[in-house]
Amino acid sequence: MVDRESRIHLCGALTVRILGERIENELPGRQGRLLFAFLVSQQGRSVSRSDMVKLLWNGTPPNDPDTALAALLAKLRKSMSKDNLIGKQDVRLILPPHTWVDLDVVWSGLHRAESAVHQLDWAGAWGPSQTVAHISARVFMPGFDGPWIEDIRGKLMDAQLRANECLAASGLHLGGMELHTAERAARRAMAASPYRESTCALLLQILARRGNRAEALHLYELMRILLREELGVSPSEGLQQVHRSLLQT
């Protein structure tokens with residue numbers, strides 16, 4: 001059977017497979033890759049020519065930006081099917097049905113994971129939270145910069161934090177062999193956001209479940225000191241409640 005899969009990775013190394021054909025090396029240079037990634041990130045929305053000029057030349061366009069942009073779009077269309085890139089004044093990227101795009105997987109997976117946690121569906125949260133944590137750990141469009149790129153990187157950092165917390169929560173309740181993965185996820189989340197008490201509460205419980213009650217108590221004390229010295233506040237009632245349960249076991 002011929003592989004007709006369409007799959008796009010924008011996080012980490014750029015890879016583009018359209019209907020089974022790898023085309024990332026066919027994209028027209030650095031600007032072609034940048035424009036392609038931007039159009040993919042727009043999820044089928046139209047982009048004006050003025051916005052594309054700003055994106056590509058960052059406030060310092062060539063003498064004739066319309067001609068330069070037209071040439072780039074022509075090359076981009078040549079590297080793909082003509083049906084993929086439509087419009088003249090406003091341009092829209094149309095991907096084949098069921099195209100797998102890593103950014104889309106992050107946004108939809110995070111929604112599924114958090115919804116499952118809210119419903120106490122720990123098994124349902126486990127898979128999507130792992131997927132989101134894995135993809136969002138990669139750098140979005142490495143080697144490129146710009147306001148829209150930094151915006152997406154910020155959103156991916158937030159997604160990774162929230163996915164790791166979902167992973168920690170689901171692993172805590174699933175127990176068994178999942179506790180090790182849950183602990184690593186909680187530690188990653190705390191490293192990214194040291195003042196996040198909800199993650200700290202999860203890590204305390206995970207450590208206790210893994211038989212490391214003394215380490216959990218020590219971690220609580222470190223968190224209490226951090227909050228007092230850095231923010232001038234006491235731990236939240238939720239975190240204190242977890243601490244009291246550790247003292248009673």
# chains A, B, ... in the order shown; residues from 1 in each chain; ligands from 1
$ closest_atom_pairs --of "region 79-154 of chain A" --to "region 25-31 of chain A" --cutoff "10 Å" --atoms "only C-alpha atoms" --output "Markdown table"
| residue | atom | partner | partner_atom | distance |
| --- | --- | --- | --- | --- |
| A:Ser79 | CA | A:Glu26 | CA | 5.4 |
| A:Met80 | CA | A:Leu27 | CA | 8.3 |
| A:Gly143 | CA | A:Arg30 | CA | 9.9 |
| A:Phe144 | CA | A:Arg30 | CA | 9.0 |
$ residues_around --residues "region 146-148 of chain A" --least-positions-apart "4" --cutoff "12 Å" --atoms "only C-alpha atoms" --output "ChimeraX atom specification"
/A:34-35,37-39,41-42,51-52,54-59,140-142,152-155
$ select_by_dssp --residues "region 17-149 of chain A" --states "strand (DSSP E)" --output "VMD selection string"
chain A and resid 17 to 18 21 to 22 47 to 48 85 to 86 90 to 93 100 to 101
$ write_last_selection --atoms "C-alpha atoms" --output "PDB file, in the first residue's frame"
ATOM      1  CA  ARG A  17       5.206  15.116   4.367  1.00  0.00           C
ATOM      2  CA  ILE A  18       2.296  15.822   2.019  1.00  0.00           C
ATOM      3  CA  GLU A  21       6.011  12.950  -0.233  1.00  0.00           C
ATOM      4  CA  ARG A  22       8.709  14.681   1.838  1.00  0.00           C
ATOM      5  CA  VAL A  47      -3.158  35.946   5.531  1.00  0.00           C
ATOM      6  CA  SER A  48      -2.925  39.342   3.832  1.00  0.00           C
ATOM      7  CA  LEU A  85      -1.928  27.502  -1.626  1.00  0.00           C
ATOM      8  CA  ILE A  86      -4.897  29.568  -2.773  1.00  0.00           C
ATOM      9  CA  ASP A  90      -5.118  37.079   0.790  1.00  0.00           C
ATOM     10  CA  VAL A  91      -3.346  33.718   0.810  1.00  0.00           C
ATOM     11  CA  ARG A  92      -4.532  30.579   2.546  1.00  0.00           C
ATOM     12  CA  LEU A  93      -2.831  27.220   2.980  1.00  0.00           C
ATOM     13  CA  TRP A 100      -1.220  15.635  11.293  1.00  0.00           C
ATOM     14  CA  VAL A 101       0.305  18.919  12.536  1.00  0.00           C
TER      15      VAL A 101
END
$ select_by_dssp --residues "region 49-217 of chain A" --states "helix (DSSP H, G or I)" --output "PyMOL selection string"
chain A and resi 49-57+65-79+102-118+122-136+147-174+178-192+197-209+213-217
$ atom_distance --atom1 "CA of Leu226 (chain A)" --atom2 "CA of Met190 (chain A)"
12.7 Å
$ residues_around --residues "region 116-122 of chain A" --least-positions-apart "6" --cutoff "12 Å" --atoms "only C-alpha atoms" --output "PyMOL selection string"
chain A and resi 109-110+128-129+162-163+165-175+178+182
$ write_last_selection --atoms "C-alpha atoms" --output "short mmCIF file (atom, residue, chain, number, x, y, z; two decimals), in the first residue's frame"
data_model
loop_
_atom_site.label_atom_id
_atom_site.label_comp_id
_atom_site.auth_asym_id
_atom_site.auth_seq_id
_atom_site.Cartn_x
_atom_site.Cartn_y
_atom_site.Cartn_z
CA GLY A 109 -4.34 17.13 23.31
CA LEU A 110 -4.02 19.64 26.15
CA PRO A 128 -2.75 13.00 25.72
CA SER A 129 -0.76 14.60 28.52
CA ARG A 162 0.05 22.21 32.20
CA ALA A 163 0.58 18.86 30.46
CA GLU A 165 0.86 18.72 35.80
CA CYS A 166 -1.88 16.62 34.16
CA LEU A 167 0.64 13.80 33.78
CA ALA A 168 1.61 14.06 37.45
CA ALA A 169 -2.03 14.07 38.59
CA SER A 170 -3.06 11.13 36.44
CA GLY A 171 0.04 9.11 37.33
CA LEU A 172 -0.53 9.74 41.04
CA HIS A 173 -4.02 8.27 40.84
CA LEU A 174 -3.13 5.44 38.46
CA GLY A 175 -0.29 4.39 40.78
CA GLU A 178 3.16 5.20 36.44
CA ALA A 182 4.45 11.13 37.37
#
$ atom_distance --atom1 "CA of Leu204 (chain A)" --atom2 "CA of Leu246 (chain A)"
8.4 Å
$ closest_residue --among "A:Met157, A:Leu69, A:Asp104, A:Leu19" --to "Asn84 (chain A)" --atoms "only C-alpha atoms"
A:Leu19
$ atom_distance --atom1 "CA of Ala133 (chain A)" --atom2 "CA of Ala159 (chain A)"
7.5 Å
$ closest_residue --among "A:Ser245, A:Arg210, A:Leu14, A:Pro194" --to "Arg224 (chain A)" --atoms "only C-alpha atoms"
A:Pro194
$ closest_residue --among "A:Glu183, A:Asp66, A:Glu230, A:Glu5" --to "Pro97 (chain A)" --atoms "only C-alpha atoms"
A:Glu5
$ residues_around --residues "Ile135 (chain A)" --least-positions-apart "4" --cutoff "9 Å" --atoms "only C-alpha atoms" --output "PyMOL selection string"
chain A and resi 11-12+102-103+105-106+130-131+139+156+160
$ residues_around --residues "Leu239 (chain A)" --least-positions-apart "4" --cutoff "8 Å" --atoms "only C-alpha atoms" --output "ChimeraX atom specification"
/A:197-198,200-201,235,243
$ write_last_selection --atoms "C-alpha atoms" --output "PDB file, in the first residue's frame"
ATOM      1  CA  GLU A 197       1.783  25.188  44.687  1.00  0.00           C
ATOM      2  CA  SER A 198      -0.600  22.860  42.867  1.00  0.00           C
ATOM      3  CA  CYS A 200       4.200  20.978  44.640  1.00  0.00           C
ATOM      4  CA  ALA A 201       1.155  19.377  46.286  1.00  0.00           C
ATOM      5  CA  PRO A 235       1.546  28.057  51.706  1.00  0.00           C
ATOM      6  CA  HIS A 243       1.415  18.542  54.507  1.00  0.00           C
TER       7      HIS A 243
END
$ closest_residue --among "A:Val242, A:Gly32, A:Ala186, A:His134" --to "Arg77 (chain A)" --atoms "only C-alpha atoms"
A:Gly32
